[in-house]
Amino acid sequence: ANKKLLVLPGDGIGPEVMREVRRVIDWMDRRRHVAFDITEDLVGGAAIDARGTPIADATIARALEADAVLFGAVGGAKWDSLGFDKRPELAILRLRKELGLFANLRPATVLDPLVDASTLKPEVVRGLDIMIVREATGGIYFGDPRGIEILPDGTKKGINTEVYTTPEIERVARVAFELARKRQRRVCSVEKANVMESGLLWRQTVQALHDAEYADVELAHMYADNCAMQLVRNPRQFDVILTGNLFGDLLSDLASMLTGSLGMLPSATLGLADASGRRHALYEPIHGSAPDIAGKGVANPLAQMLSFAMLLRYSFDMEEDAKLIERACVNVLANGLRTADVMAPGCAKVGTQVMGEAVLRE
Ligand code: NAI
Ligand code: MG
């Protein structure tokens, strides 16, 4: 059967970078390298303007039927005055919820031609290849009790609670261990077991799962504050980092800057596998809709391109094709073509479309 792919470009630079990825998808489709059933739909502000909602129920239904979703970015000043219950960003939250997307995969990879774009020294980041697996649907952002209470003396109390259950920890740990088996077989599990009960349970649960089923993978534990320090001191010590929602949020943003530009970084969010073994999954660049450069044709399309490569690797099991796209991106950079965000001395500054065409040629 054909692979079902739902493409959701969204707002701002989303459609601009997605157009370049579509060239590659359509090329693969045309040469019958692989047959895709591709559906494209509106999401975010574009869907609000056309349909009055950031994501239509019919779009959710398509996402549930798809083998994978390729997402651009949503949001923009035009919709910023809408309430929290109406904003473009709700589209992504709803997709995460409906598809049960609990594991967020954020690679921090330094492509060789971009070693100088890092905020760190070249000798510290050359060849860097980290995968951060962040639990994405539990933890302190969602736990009860929560809220702001008014105390008898008129002062207020803001409350959030970190809750993790063993099944929640185990399913995301499994994703990390499985990934490690395809990489360097090393997982570093990160929490604050020294001061948090949920962190202690996290550590014990990951260790027990490791001992029972993944003894072939090397497992280390690290406190989150130390991990932040180690990521800057010697990031190449890590292969897969496994962590909860809050620490994963911070550490993955930190790690992204080791690589230089937001415009280069893909991500994946994976859900539970159904009875047939199919796992819902959504792939998107980590950057947003970049309103400051939208419409100018200067956005870097490589994060979106590399998100598609991840999709091929993790949802379609097309490792060779994923590598083909990744190599094409590296070659284009090595040949000295750069968008403004990764510009370097001696390189030619090009726009979104020239970059996309160059990747296709490679
Ligand atoms: P942003 O990631 O859109 O932009 C941050 C900075 O990075 C900007 O200066 C932008 O020009 C630059 N940048 C981002 N992607 C780039 C690319 N591909 N090439 C070159 N430069 C790039 O984050 P910001 O400004 O905080 O948010 C803008 C809008 O995007 C907001 O409405 C926000 O809510 C939304 N957003 C949406 C996300 C999503 O759809 N998953 C994620 C993050 C933000
Ligand atoms: Mg964040």
# chains A, B, ... in the order shown; residues from 1 in each chain; ligands from 1

call {"tool": "residues_near_ligand", "arguments": {"ligand": "ligand 1", "cutoff": "8 Å", "atoms": "only C-alpha atoms and all ligand atoms", "output": "VMD selection string"}}
result
chain A and resid 10 12 to 13 17 71 to 77 80 88 to 89 92 261 to 264 284 to 294 298 to 304 339 to 341

call {"tool": "write_last_selection", "arguments": {"atoms": "C-alpha atoms", "output": "JSON list (two decimals), in the first residue's frame"}}
result
[["chain", "number", "residue", "atom", "x", "y", "z"],
["A", 10, "GLY", "CA", 0.85, 26.37, 8.34],
["A", 12, "GLY", "CA", 4.67, 32.48, 7.94],
["A", 13, "ILE", "CA", 7.75, 30.71, 6.60],
["A", 17, "VAL", "CA", 10.11, 26.02, 3.45],
["A", 71, "PHE", "CA", 4.17, 19.93, 9.90],
["A", 72, "GLY", "CA", 5.55, 23.38, 9.08],
["A", 73, "ALA", "CA", 4.97, 26.11, 11.65],
["A", 74, "VAL", "CA", 2.02, 28.12, 12.90],
["A", 75, "GLY", "CA", 1.40, 31.53, 14.43],
["A", 76, "GLY", "CA", 1.81, 35.22, 13.68],
["A", 77, "ALA", "CA", 1.01, 38.70, 14.92],
["A", 80, "ASP", "CA", -1.85, 37.09, 18.65],
["A", 88, "PRO", "CA", -2.99, 29.04, 15.89],
["A", 89, "GLU", "CA", -0.66, 27.19, 18.32],
["A", 92, "ILE", "CA", -0.16, 21.55, 17.35],
["A", 261, "SER", "CA", 20.98, 27.82, 13.81],
["A", 262, "LEU", "CA", 17.32, 27.19, 14.45],
["A", 263, "GLY", "CA", 16.90, 26.95, 10.71],
["A", 264, "MET", "CA", 18.83, 23.66, 10.66],
["A", 284, "GLU", "CA", 8.42, 19.45, 12.26],
["A", 285, "PRO", "CA", 11.30, 21.90, 12.38],
["A", 286, "ILE", "CA", 11.91, 23.28, 15.87],
["A", 287, "HIS", "CA", 11.65, 26.83, 14.59],
["A", 288, "GLY", "CA", 8.38, 28.73, 14.46],
["A", 289, "SER", "CA", 6.76, 30.76, 11.69],
["A", 290, "ALA", "CA", 9.48, 33.47, 11.85],
["A", 291, "PRO", "CA", 7.21, 36.47, 11.15],
["A", 292, "ASP", "CA", 10.26, 38.75, 10.97],
["A", 293, "ILE", "CA", 11.45, 37.10, 7.74],
["A", 294, "ALA", "CA", 8.20, 35.62, 6.38],
["A", 298, "VAL", "CA", 15.15, 34.06, 2.80],
["A", 299, "ALA", "CA", 14.20, 31.33, 5.31],
["A", 300, "ASN", "CA", 16.45, 28.30, 5.61],
["A", 301, "PRO", "CA", 14.49, 25.26, 4.33],
["A", 302, "LEU", "CA", 16.92, 22.68, 5.73],
["A", 303, "ALA", "CA", 15.21, 22.14, 9.10],
["A", 304, "GLN", "CA", 12.02, 21.26, 7.24],
["A", 339, "THR", "CA", 20.93, 31.13, 3.66],
["A", 340, "ALA", "CA", 21.48, 34.26, 5.74],
["A", 341, "ASP", "CA", 21.06, 32.50, 9.11]]

call {"tool": "residues_near_ligand", "arguments": {"ligand": "ligand 2", "cutoff": "7 Å", "atoms": "only C-alpha atoms and all ligand atoms", "output": "PyMOL selection string"}}
result
chain A and resi 249-250+253

call {"tool": "write_last_selection", "arguments": {"atoms": "C-alpha atoms", "output": "mmCIF file, in the first residue's frame"}}
result
data_model
loop_
_atom_site.group_PDB
_atom_site.id
_atom_site.type_symbol
_atom_site.label_atom_id
_atom_site.label_comp_id
_atom_site.auth_asym_id
_atom_site.auth_seq_id
_atom_site.Cartn_x
_atom_site.Cartn_y
_atom_site.Cartn_z
ATOM 1 C CA ASP A 249 12.320 21.538 27.128
ATOM 2 C CA LEU A 250 15.313 23.389 28.575
ATOM 3 C CA ASP A 253 16.841 24.351 23.547
#

call {"tool": "closest_atom_pairs", "arguments": {"of": "stretch 172-207 of chain A", "to": "stretch 217-222 of chain A", "cutoff": "10 Å", "atoms": "only C-alpha atoms", "output": "JSON lines"}}
result
{"residue": "A:Phe177", "atom": "CA", "partner": "A:Val217", "partner_atom": "CA", "distance": 6.9}
{"residue": "A:Glu178", "atom": "CA", "partner": "A:Val217", "partner_atom": "CA", "distance": 9.1}
{"residue": "A:Ala180", "atom": "CA", "partner": "A:Val217", "partner_atom": "CA", "distance": 7.1}
{"residue": "A:Arg181", "atom": "CA", "partner": "A:Val217", "partner_atom": "CA", "distance": 6.9}
{"residue": "A:Gln184", "atom": "CA", "partner": "A:Val217", "partner_atom": "CA", "distance": 8.6}
{"residue": "A:Arg185", "atom": "CA", "partner": "A:Val217", "partner_atom": "CA", "distance": 4.8}
{"residue": "A:Arg186", "atom": "CA", "partner": "A:Glu218", "partner_atom": "CA", "distance": 4.7}
{"residue": "A:Val187", "atom": "CA", "partner": "A:Leu219", "partner_atom": "CA", "distance": 5.0}
{"residue": "A:Cys188", "atom": "CA", "partner": "A:Ala220", "partner_atom": "CA", "distance": 4.7}
{"residue": "A:Ser189", "atom": "CA", "partner": "A:His221", "partner_atom": "CA", "distance": 4.8}
{"residue": "A:Val190", "atom": "CA", "partner": "A:Met222", "partner_atom": "CA", "distance": 4.9}
{"residue": "A:Glu191", "atom": "CA", "partner": "A:Met222", "partner_atom": "CA", "distance": 6.7}
{"residue": "A:Lys192", "atom": "CA", "partner": "A:Met222", "partner_atom": "CA", "distance": 8.0}
{"residue": "A:Ala193", "atom": "CA", "partner": "A:Met222", "partner_atom": "CA", "distance": 8.9}
{"residue": "A:Arg203", "atom": "CA", "partner": "A:His221", "partner_atom": "CA", "distance": 7.2}
{"residue": "A:Val206", "atom": "CA", "partner": "A:Leu219", "partner_atom": "CA", "distance": 8.9}
{"residue": "A:Gln207", "atom": "CA", "partner": "A:Leu219", "partner_atom": "CA", "distance": 7.7}

call {"tool": "residues_around", "arguments": {"residues": "A:Pro107", "least_positions_apart": "2", "cutoff": "7 Å", "atoms": "only C-alpha atoms", "output": "list in words"}}
result
Leu105, Thr109, Ile130, Met131, Ile132 and Ser267 of chain A

call {"tool": "write_last_selection", "arguments": {"atoms": "N, CA and C atoms", "output": "CSV table (one decimal), in the first residue's frame"}}
result
chain,number,residue,atom,x,y,z
A,105,LEU,N,11.5,13.8,19.9
A,105,LEU,CA,12.9,13.5,19.5
A,105,LEU,C,13.5,14.7,19.0
A,109,THR,N,22.7,17.9,16.0
A,109,THR,CA,23.8,17.4,15.1
A,109,THR,C,24.5,18.5,14.5
A,130,ILE,N,23.9,14.2,19.0
A,130,ILE,CA,23.1,13.9,20.2
A,130,ILE,C,21.6,13.7,19.8
A,131,MET,N,21.0,12.8,20.4
A,131,MET,CA,19.5,12.7,20.3
A,131,MET,C,18.9,12.9,21.7
A,132,ILE,N,18.1,13.9,21.8
A,132,ILE,CA,17.4,14.1,23.1
A,132,ILE,C,16.0,13.6,22.9
A,267,SER,N,12.7,17.9,14.2
A,267,SER,CA,12.3,17.2,15.3
A,267,SER,C,11.2,16.2,14.9

call {"tool": "select_by_dssp", "arguments": {"residues": "stretch 90-320 of chain A", "states": "strand (DSSP E or B)", "output": "ChimeraX atom specification"}}
result
/A:101-109,129-135,143-150,156-161,186-191,218-223,240-243,266-273,279-285

call {"tool": "residues_around", "arguments": {"residues": "A:Glu20", "least_positions_apart": "5", "cutoff": "8 Å", "atoms": "only C-alpha atoms", "output": "ChimeraX atom specification"}}
result
/A:301,305,352-353,356-357

call {"tool": "atom_distance", "arguments": {"atom1": "atom CA of A:Arg96", "atom2": "atom CA of A:Ile55"}}
result
12.1 Å

call {"tool": "closest_residue", "arguments": {"among": "A:Ala273, A:Met257, A:Leu201, A:Leu282", "to": "A:Leu95", "atoms": "only C-alpha atoms"}}
result
A:Leu282

call {"tool": "residues_around", "arguments": {"residues": "A:Ile60", "least_positions_apart": "5", "cutoff": "12 Å", "atoms": "only C-alpha atoms", "output": "list of chain:residue names"}}
result
A:Leu6, A:Leu8, A:Asp41, A:Leu42, A:Val43, A:Thr53, A:Pro54, A:Ile55, A:Glu65, A:Ala66, A:Val69, A:Ala91, A:Ile92, A:Leu93, A:Arg94, A:Leu95, A:Arg96, A:Lys97, A:Glu98, A:Leu99

call {"tool": "write_last_selection", "arguments": {"atoms": "C-alpha atoms", "output": "CSV table (one decimal), in the first residue's frame"}}
result
chain,number,residue,atom,x,y,z
A,6,LEU,CA,-0.3,14.5,5.6
A,8,LEU,CA,0.5,20.8,7.0
A,41,ASP,CA,-4.3,20.9,4.4
A,42,LEU,CA,-4.6,24.2,6.2
A,43,VAL,CA,-3.5,24.6,9.8
A,53,THR,CA,-10.6,27.1,13.8
A,54,PRO,CA,-6.9,26.4,14.0
A,55,ILE,CA,-7.4,22.8,13.0
A,65,GLU,CA,-5.4,8.0,9.1
A,66,ALA,CA,-2.0,9.1,7.9
A,69,VAL,CA,2.3,14.1,9.4
A,91,ALA,CA,-3.4,23.2,16.3
A,92,ILE,CA,-0.2,21.6,17.3
A,93,LEU,CA,-1.4,20.9,20.9
A,94,ARG,CA,-4.5,19.3,19.5
A,95,LEU,CA,-2.5,17.1,17.1
A,96,ARG,CA,-0.2,16.0,20.0
A,97,LYS,CA,-3.2,15.1,22.1
A,98,GLU,CA,-5.3,13.3,19.5
A,99,LEU,CA,-2.4,11.3,18.1

call {"tool": "select_by_dssp", "arguments": {"residues": "stretch 124-353 of chain A", "states": "helix (DSSP H, G or I)", "output": "MDAnalysis selection string"}}
result
chainID A and resid 124:125 139:141 166:181 197:213 224:233 235:237 245:258 262:264 302:314 319:334 340:342 352:353

call {"tool": "closest_residue", "arguments": {"among": "A:Ile140, A:Leu312, A:Ala224, A:Val175", "to": "A:Thr161", "atoms": "only C-alpha atoms"}}
result
A:Ile140

call {"tool": "closest_residue", "arguments": {"among": "A:Tyr164, A:Trp27, A:Tyr223, A:Phe36", "to": "A:Asn194", "atoms": "only C-alpha atoms"}}
result
A:Tyr223

call {"tool": "atom_distance", "arguments": {"atom1": "atom CA of A:Asp112", "atom2": "atom CA of A:Val133"}}
result
23.1 Å

call {"tool": "closest_residue", "arguments": {"among": "A:Met310, A:Ala1, A:Val7, A:Ala358", "to": "A:Val34", "atoms": "only C-alpha atoms"}}
result
A:Ala1

call {"tool": "closest_residue", "arguments": {"among": "A:Arg51, A:Asp239, A:Val163, A:Val110", "to": "A:Arg183", "atoms": "only C-alpha atoms"}}
result
A:Asp239
